[in-house]
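S.K.: I have a structure I would like to understand better, so I am pasting it below and will then ask my questions one at a time.
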Amino acid sequence: MSLQELFSLLGHGTLDSLYMIIICTVVSYIIGLPIGVSLVVTAPGGIRPLGIYNKVVGFIVNILRSVPFLILMIALMPYIRVVIGTGIGKEAATAALIVAAAPFVARLVEQSLLEVDPGVIEAAQAMGASNMQIIRKVMLLEARPSLLNGAAVATINILGYTAMAGIVGAGGLGEIAIRFGLYRFQPSIMWVTIVLLVIMVQIFQEIGIKVVSKYDNRIN
Amino acid sequence: MAEHIISLQGVTKEFDTKGGKVVALRDINLDIEKGDSYGIIGLSGAGKSTLVRTINLLEQPTEGKVLFDGNLLTGLKGKDLNLHRRKISMIFQQFNLLMQRDALGNILFPLEIAGVPKQEAIEKAKELLKVVDLEERAHSYPSQLSGGQKQRVAIARALASDPEVILCDEATSALDPKTTRSILGLLKKINEERGITLVVITHEMEVIKQLCGKVAVIENGEIVERGPVAEIFARPKTKAAKKLFFPDEENREKAEARTSTKNRLRLAFDESSAYKPIIANMILETGAPVNFFYADLDMLGGEQKGQMVIGLSEDKILAEKQKEYLRKEKVEFIELNEDAEEVAE
C-alpha cells in the first residue's frame with residue numbers, strides 16, 4: 001500500500017469514526033437526557049414521584065446497560081435491518097450504538113442531577129416555581145458542570161463502542177484496526193490507528209475539562 | 001377583628017416510616033396576624049421545621065386546614081398553589097442559593113419564575129441588593145460570599161416577589177453571633193418598615209428575644225405554650241418553655257433544692273422596675289435581709305427585662321412584709337417552693 005493510500009484510508013477512517021461519535025452522542029443525549037431527568041423527577045422523594053414509571057424505565061435502562069455492547073449489537077442486527085434496511089455498515093452500527101449509549105447517558109444524567117442540593121430545589125418550590133421551571137432553571141443549571149463532565153465521559157465511551165462496531169463492518173478507525181491488525185496481520189497499521197484513537201480520546205478529555213472549568217461557578 | 005394572614009386549623013402531620021407511623025405534628029391550631037413577628041421555638045426534633053413547611057405546603061398536612069390571607073391552601077395544586085406560594089417567601093439555615101448564579105442572578109430567579117419583564121426585574125434586583133447592603137457584590141457567586149452575605153442575598157431574593165410573609169427556618173443558626181445580630185436586625189427592619197409578617201423558626205432563645213413579639217413553644221409536635229414573648233418570658237408555665245427560656249434553670253433549681261431556705265421567690269422585672277433599686281429599698285424598709293440565688297437581665301424586643309431569685313426572711317411576719325412591699329411596687333413574683341419538689345422527684 002502506498003503512503004498516499006494509507007493516508008486516504010486513515011483519513012476516511014477518522015472521519016467515519018467522528019461521524020459515528022458525533023451522531024451517536026447527539027442522538028443519545030436527545031434520548032438519554034429526558035430519560036435521565038425523568039428518572040430523578042419521578043423517583044421517591046423527587047419533585048413528582050411516580051413509582052410505576054420510575055421502576056419500569058429504571059428496569060429497562062438497567063437491562064440495556066447490563067448487556068455487553070458487542071453482544072447487544074449482534075443481537076440487535078436483525079431488528080436494525082428491518083428498521084433501516086441494512087444490518088451492517090456505518091448507519092446500522094450507529095443505530096446499535098444509540099441503543100447502547102442512550103441508557104448509559106440516562107444514568108450519567110441521573111447521577112449528575114442527584115448531586116443537586118435538595119435544599120435549592122425546596123427553595124425553588126417554596127418560591128412557587130413549576131416543576132418544568134425547576135428542571136430547566138434549577139436542576140439542569142446547577143448540575144451543568146457535572147453534566148458536561150458526564151458528556152466528556154459519554155463521548156469517550158461512545159468512541160470505544162464505535163471501535164468495537166468495526167467487527168460488524170461499521171467503518172472508521174476501529175474497523176481499520178481490526179481488519180489490518182486481526183485479519184491481515186499488518187500490526188503497523190493497527191498501531192497507527194491505536195495512536196489516532198488515543199489522540200482523539202485525549203482531545204475529547206481536554207475539551208471536557210476546559211469547558212467544565214469555564215462553566216463551573218463554584219470554583220473561581 | 002385582627003386579620004389573620006396565616007391560620008392553621010387542626011393540622012396533623014404523620015410520616016410513614018419503616019418503624020411505623022410517626023406523628024410529627026398533632027392538632028396544631030395557630031393564628032398569625034398581619035405584621036406579626038411570630039416565633040416558633042422548640043428543641044430539635046420538636047416538629048418546628050415540619051410546622052413551618054405546612055404553611056407553604058412543602059409538607060402536605062395529613063389532616064387539618066391551612067389558610068393564607070383567608071384563602072384555603074390545603075387541597076390546592078400546581079398553578080393555583082404556586083401563585084399563593086409567591087406571596088410566602090422563605091429563607092433557610094443553609095441559604096439554599098443557586099451556586100451557578102451570581103448574587104444578582106439569584107435575586108432575579110423568583111422574578112423570572114413570575115414572568116416579570118427582564119429590564120424591570122434587573123432594576124428591582126439591583127434595588128434589593130441595596131436594601132441588603134450588597135450593591136458591590138452583585139456579580140459575586142455564592143462560593144465567593146461569606147455566610148452572612150449569602151443570607152443577605154437570600155433575604156433579598158425573598159423580598160423580590162413582594163411577599164406578605166417571610167418564613168425563616170433557622171435562618172441564623174449557621175452564623176456566628178455577630179453576623180446573627182446583623183441579620184436579625186435586617187429582618188426586624190423588614191418587619192417594621194415593610195409590614196411583612198415574619199414566622200421565625202428557631203431553637204435559640206436569643207433569636208426570639210431580639211426579633212419576635214409573640215412566640216409559640218413546640219414540644220413533641222404540639223404547641224404547649226404561646227403568647228407575647230414578654231409574658232412567656234416573665235411567667236413560663238410549662239417545663240418545655242422554662243427549659244428553652246432559661247437553659248441553665250435546671251442546674252439552678254438543683255442548687256436551690258440543696259439549700260434549706262424556704263420562701264424563695266422568682267421576681268420578674270420589666271421596663272418600669274428594672275432600673276429602680278427595689279430590692280435595696282425593700283431591705284431598708286423592712287429591715288430584713290434577703291439571699292440572692294440568681295439574677296439575669298435581658299433585652300427583650302427593645303425592653304429591659306430582668307429576673308431574679310431571692311430567699312426571703314425565715315421569719316414569717318417579716319417575709320409577709322417583704323412580699324407586701326413587692327406587691328406595692330408592682331413587681332411580679334412566683335413562689336418557688338413547689339418547683340423545688342419537682343426537682344426532688
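Each chain in the C-alpha cells gets a letter, A, B, ..., in the order shown, and its residues are numbered from 1; ligands are numbered from 1 in order too.
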Identify every residue of chain A that has at least one atom within 7 Å of any atom of chain B, counting only C-alpha atoms, and report the result as a ChimeraX atom specification.
M.R.: /A:119-120,123,126-129,141-142,216-218
S.K.: For the residues selected in the previous step, produce a file with N, CA and C atoms as an mmCIF file, in the first residue's frame.
M.R.:
data_model
loop_
_atom_site.group_PDB
_atom_site.id
_atom_site.type_symbol
_atom_site.label_atom_id
_atom_site.label_comp_id
_atom_site.auth_asym_id
_atom_site.auth_seq_id
_atom_site.Cartn_x
_atom_site.Cartn_y
_atom_site.Cartn_z
ATOM 1 N N GLY A 119 -31.951 21.170 49.018
ATOM 2 C CA GLY A 119 -32.391 22.428 49.632
ATOM 3 C C GLY A 119 -32.686 23.498 48.598
ATOM 4 N N VAL A 120 -31.882 23.528 47.528
ATOM 5 C CA VAL A 120 -32.082 24.536 46.486
ATOM 6 C C VAL A 120 -33.386 24.256 45.734
ATOM 7 N N ALA A 123 -36.149 25.335 47.926
ATOM 8 C CA ALA A 123 -36.279 26.795 47.893
ATOM 9 C C ALA A 123 -37.071 27.226 46.660
ATOM 10 N N ALA A 126 -40.677 26.505 47.160
ATOM 11 C CA ALA A 126 -41.266 27.479 48.086
ATOM 12 C C ALA A 126 -41.540 28.797 47.366
ATOM 13 N N MET A 127 -40.733 29.093 46.332
ATOM 14 C CA MET A 127 -40.941 30.339 45.585
ATOM 15 C C MET A 127 -42.090 30.234 44.604
ATOM 16 N N GLY A 128 -42.640 29.044 44.465
ATOM 17 C CA GLY A 128 -43.749 28.884 43.540
ATOM 18 C C GLY A 128 -43.311 28.546 42.126
ATOM 19 N N ALA A 129 -42.136 27.933 41.981
ATOM 20 C CA ALA A 129 -41.687 27.516 40.655
ATOM 21 C C ALA A 129 -42.438 26.251 40.233
ATOM 22 N N LEU A 141 -29.326 23.575 35.436
ATOM 23 C CA LEU A 141 -28.328 24.638 35.579
ATOM 24 C C LEU A 141 -27.331 24.324 36.693
ATOM 25 N N GLU A 142 -27.849 23.899 37.843
ATOM 26 C CA GLU A 142 -26.962 23.613 38.971
ATOM 27 C C GLU A 142 -26.065 22.412 38.684
ATOM 28 N N ASP A 216 -18.105 26.237 35.575
ATOM 29 C CA ASP A 216 -18.392 25.956 36.980
ATOM 30 C C ASP A 216 -18.102 27.172 37.842
ATOM 31 N N ASN A 217 -19.164 27.762 38.361
ATOM 32 C CA ASN A 217 -19.000 28.980 39.153
ATOM 33 C C ASN A 217 -18.751 28.701 40.630
ATOM 34 N N ARG A 218 -18.639 27.427 40.975
ATOM 35 C CA ARG A 218 -18.387 27.113 42.380
ATOM 36 C C ARG A 218 -16.908 27.271 42.710
#
S.K.: Excluding Ser28 in chain A and residues on its chain fewer than 2 positions from it, collect all residues at most 6 Å away from it, counting only C-alpha atoms, and give them as a list in words.
M.R.: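 In the requested form, the answer reads Cys24, Thr25, Val26, Ile30, Ile31, Gly32, Ile98, Ala101 and Ala102 of chain A.
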S.K.: Which parts of range 45-220 of chain A does DSSP call alpha helix (DSSP H) when run on the backbone here, written out as JSON, numbers by chain?
M.R.: {"A": [51, 52, 53, 54, 55, 56, 57, 58, 59, 60, 61, 62, 63, 64, 65, 66, 69, 70, 71, 72, 73, 74, 75, 76, 77, 78, 79, 80, 81, 82, 83, 84, 89, 90, 91, 92, 93, 94, 95, 96, 97, 98, 99, 100, 101, 102, 103, 104, 105, 106, 107, 108, 109, 110, 111, 112, 113, 114, 118, 119, 120, 121, 122, 123, 124, 125, 126, 131, 132, 133, 140, 141, 142, 144, 145, 146, 147, 148, 149, 150, 151, 152, 153, 154, 155, 156, 157, 158, 159, 160, 161, 162, 163, 164, 172, 173, 174, 175, 176, 177, 178, 187, 188, 189, 190, 191, 192, 193, 194, 195, 196, 197, 198, 199, 200, 201, 202, 203, 204, 205, 206, 207, 208, 209, 210, 211, 212, 213, 214, 215]}
S.K.: Let me see the file: selected residues, C-alpha atoms, as a short mmCIF file (atom, residue, chain, number, x, y, z; two decimals), in the first residue's frame.
M.R.:
data_model
loop_
_atom_site.label_atom_id
_atom_site.label_comp_id
_atom_site.auth_asym_id
_atom_site.auth_seq_id
_atom_site.Cartn_x
_atom_site.Cartn_y
_atom_site.Cartn_z
CA GLY A 51 -43.40 4.90 41.31
CA ILE A 52 -44.50 2.66 38.43
CA TYR A 53 -42.93 4.75 35.66
CA ASN A 54 -39.72 5.04 37.64
CA LYS A 55 -39.46 1.29 38.25
CA VAL A 56 -40.28 0.29 34.65
CA VAL A 57 -37.94 2.77 32.97
CA GLY A 58 -35.22 2.15 35.53
CA PHE A 59 -35.51 -1.58 34.83
CA ILE A 60 -35.24 -1.18 31.03
CA VAL A 61 -32.23 1.09 31.43
CA ASN A 62 -30.59 -1.45 33.71
CA ILE A 63 -31.18 -4.32 31.29
CA LEU A 64 -29.71 -2.43 28.34
CA ARG A 65 -26.77 -1.37 30.46
CA SER A 66 -26.10 -4.94 31.59
CA PHE A 69 -22.08 -3.81 23.87
CA LEU A 70 -20.68 -6.29 21.36
CA ILE A 71 -23.35 -8.88 22.17
CA LEU A 72 -26.12 -6.28 22.23
CA MET A 73 -25.06 -5.08 18.78
CA ILE A 74 -25.11 -8.59 17.28
CA ALA A 75 -28.44 -9.32 18.95
CA LEU A 76 -29.91 -6.13 17.53
CA MET A 77 -28.69 -6.67 13.97
CA PRO A 78 -31.84 -8.38 12.60
CA TYR A 79 -34.12 -5.72 14.08
CA ILE A 80 -31.97 -2.90 12.80
CA ARG A 81 -32.09 -4.50 9.33
CA VAL A 82 -35.89 -4.32 9.48
CA VAL A 83 -35.93 -0.69 10.60
CA ILE A 84 -33.23 0.92 8.45
CA GLY A 89 -22.12 -0.60 7.88
CA LYS A 90 -21.89 2.84 9.40
CA GLU A 91 -25.64 3.52 9.67
CA ALA A 92 -26.55 0.16 11.20
CA ALA A 93 -23.69 0.42 13.66
CA THR A 94 -24.74 3.93 14.66
CA ALA A 95 -28.27 2.71 15.34
CA ALA A 96 -26.95 -0.09 17.57
CA LEU A 97 -24.61 2.37 19.27
CA ILE A 98 -27.51 4.62 20.16
CA VAL A 99 -29.48 1.77 21.72
CA ALA A 100 -26.47 1.01 23.92
CA ALA A 101 -25.37 4.58 24.63
CA ALA A 102 -28.73 6.24 25.38
CA PRO A 103 -29.32 4.25 28.62
CA PHE A 104 -25.72 4.93 29.61
CA VAL A 105 -26.30 8.64 29.07
CA ALA A 106 -29.57 8.44 31.03
CA ARG A 107 -27.71 7.03 34.05
CA LEU A 108 -24.95 9.64 33.77
CA VAL A 109 -27.54 12.42 33.65
CA GLU A 110 -29.39 10.87 36.60
CA GLN A 111 -26.20 10.75 38.68
CA SER A 112 -25.39 14.39 37.86
CA LEU A 113 -28.87 15.62 38.78
CA LEU A 114 -28.86 13.69 42.05
CA PRO A 118 -32.21 19.22 47.59
CA GLY A 119 -32.39 22.43 49.63
CA VAL A 120 -32.08 24.54 46.49
CA ILE A 121 -34.92 22.60 44.86
CA GLU A 122 -37.00 23.06 48.00
CA ALA A 123 -36.28 26.80 47.89
CA ALA A 124 -37.50 26.96 44.29
CA GLN A 125 -40.66 25.06 45.22
CA ALA A 126 -41.27 27.48 48.09
CA ASN A 131 -41.81 21.52 38.02
CA MET A 132 -40.75 22.47 34.49
CA GLN A 133 -39.09 25.65 35.79
CA LEU A 140 -30.06 21.35 34.78
CA LEU A 141 -28.33 24.64 35.58
CA GLU A 142 -26.96 23.61 38.97
CA ARG A 144 -24.21 21.84 34.50
CA PRO A 145 -20.56 21.21 35.43
CA SER A 146 -21.33 17.62 36.31
CA LEU A 147 -23.43 17.14 33.15
CA LEU A 148 -20.58 18.46 30.98
CA ASN A 149 -18.17 16.17 32.74
CA GLY A 150 -20.55 13.30 32.06
CA ALA A 151 -20.76 14.31 28.40
CA ALA A 152 -16.98 14.01 28.07
CA VAL A 153 -17.12 10.56 29.68
CA ALA A 154 -20.02 9.55 27.39
CA THR A 155 -18.21 10.72 24.25
CA ILE A 156 -15.09 8.77 25.15
CA ASN A 157 -17.21 5.72 25.93
CA ILE A 158 -19.01 6.01 22.62
CA LEU A 159 -15.66 6.27 20.85
CA GLY A 160 -14.83 2.90 22.42
CA TYR A 161 -18.15 1.49 21.21
CA THR A 162 -17.52 2.72 17.62
CA ALA A 163 -14.17 0.94 17.59
CA MET A 164 -15.86 -2.30 18.64
CA GLY A 172 -14.00 4.04 10.97
CA LEU A 173 -10.73 3.58 12.78
CA GLY A 174 -11.98 0.57 14.71
CA GLU A 175 -12.67 -1.40 11.60
CA ILE A 176 -9.27 -0.50 10.13
CA ALA A 177 -7.56 -1.67 13.30
CA ILE A 178 -9.45 -4.96 13.28
CA PRO A 187 0.20 -4.64 13.07
CA SER A 188 1.97 -1.43 11.99
CA ILE A 189 -1.25 -0.03 10.54
CA MET A 190 -3.15 -1.21 13.59
CA TRP A 191 -0.69 0.67 15.81
CA VAL A 192 -1.19 3.85 13.80
CA THR A 193 -4.95 3.60 14.35
CA ILE A 194 -4.42 2.97 18.04
CA VAL A 195 -2.33 6.13 18.27
CA LEU A 196 -5.04 8.05 16.41
CA LEU A 197 -7.71 6.71 18.80
CA VAL A 198 -5.66 7.65 21.84
CA ILE A 199 -5.15 11.16 20.46
CA MET A 200 -8.90 11.51 19.89
CA VAL A 201 -9.65 10.45 23.48
CA GLN A 202 -7.11 12.96 24.81
CA ILE A 203 -8.66 15.74 22.73
CA PHE A 204 -12.18 14.97 23.99
CA GLN A 205 -10.94 14.81 27.56
CA GLU A 206 -9.11 18.14 27.31
CA ILE A 207 -12.12 19.84 25.73
CA GLY A 208 -14.28 18.40 28.54
CA ILE A 209 -12.02 19.71 31.31
CA LYS A 210 -11.74 23.16 29.67
CA VAL A 211 -15.48 23.51 29.18
CA VAL A 212 -16.31 22.30 32.70
CA SER A 213 -13.95 24.73 34.39
CA LYS A 214 -15.28 27.57 32.25
CA TYR A 215 -18.85 26.84 33.32
#
S.K.: May I have the residues within 7 Å of Leu30 in chain B as an mmCIF file with N, CA and C atoms, in the first residue's frame, using only C-alpha atoms and disregarding those fewer than 6 positions away in the same chain?
M.R.:
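File result_8.cif, as written:
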data_model
loop_
_atom_site.group_PDB
_atom_site.id
_atom_site.type_symbol
_atom_site.label_atom_id
_atom_site.label_comp_id
_atom_site.auth_asym_id
_atom_site.auth_seq_id
_atom_site.Cartn_x
_atom_site.Cartn_y
_atom_site.Cartn_z
ATOM 1 N N SER B 7 -53.390 30.951 59.105
ATOM 2 C CA SER B 7 -54.209 30.269 60.089
ATOM 3 C C SER B 7 -54.089 28.762 59.877
ATOM 4 N N LEU B 8 -53.588 28.082 60.883
ATOM 5 C CA LEU B 8 -53.533 26.619 60.833
ATOM 6 C C LEU B 8 -54.645 26.097 61.727
ATOM 7 N N GLN B 9 -55.444 25.192 61.183
ATOM 8 C CA GLN B 9 -56.580 24.683 61.947
ATOM 9 C C GLN B 9 -56.521 23.168 62.018
#
S.K.: Write out as a PyMOL selection string each polymer residue whose atoms come within 8 Å of Asp296 in chain B, counting only C-alpha atoms; drop sequence neighbours fewer than 5 positions from it.
M.R.: chain B and resi 306-308
S.K.: I want to know what sits within 6 Å of Lys13 in chain B, based on only C-alpha atoms, with residues of the same chain fewer than 4 positions away left out; could you give that as a ChimeraX atom specification?
M.R.: /B:24-25,61-62
S.K.: With C-alpha atoms retained, write the just-selected residues as a PDB file, in the first residue's frame.
M.R.:
ATOM      1  CA  ALA B  24     -44.659  14.943  63.608  1.00  0.00           C
ATOM      2  CA  LEU B  25     -47.450  17.426  64.316  1.00  0.00           C
ATOM      3  CA  PRO B  61     -50.712  18.006  56.284  1.00  0.00           C
ATOM      4  CA  THR B  62     -52.316  14.624  56.874  1.00  0.00           C
TER       5      THR B  62
END
S.K.: So the first atom is CA of Lys305 in chain B and the second is CA of Lys209 in chain B; what is the distance between them in Å, to one decimal place?
M.R.: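 Separation between CA of Lys305 in chain B and CA of Lys209 in chain B: 10.3 Å.
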S.K.: Quote the spacing between CA of Ile279 in chain B and CA of Gln304 in chain B in Å to one decimal place.
M.R.: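 Here the two named atoms are 16.9 Å from each other.
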S.K.: What does the distance between CA of Lys21 in chain B and CA of Ser44 in chain B come to in Å, to one decimal place?
M.R.: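 CA of Ser44 in chain B lies at a distance of 19.2 Å from CA of Lys21 in chain B.
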S.K.: For Thr202 in chain B, which residue out of B:Glu123, B:Pro277, B:Ile41, B:Phe246 is the nearest one, using only C-alpha atoms?
M.R.: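 Of all the options, B:Ile41 lies closest to Thr202 in chain B.
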S.K.: Given only C-alpha atoms as the basis, pick out the residue of B:Lys214, B:Arg181, B:His203, B:Lys65 nearest to Glu33 in chain B.
M.R.: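 Ranked by minimum distance to Glu33 in chain B, first place goes to B:Lys214.
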S.K.: Hey, what does DSSP flag as strand (DSSP E or B) within range 44-191 of chain B? Can you give it to me as a PyMOL selection string?
M.R.: chain B and resi 63-68+71-72+88-92+165-169
S.K.: So that I can see what lies close to Ser313 in chain B, please list as a list in words the residues with an atom at most 10 Å from it, counting only C-alpha atoms and leaving out residues fewer than 6 positions away in the same chain.
M.R.: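 Here the answer would be Thr261, Lys262, Asn263, Arg264, Ala288, Pro289, Val290, Asn291, Ala319, Glu320, Lys321 and Gln322 of chain B.
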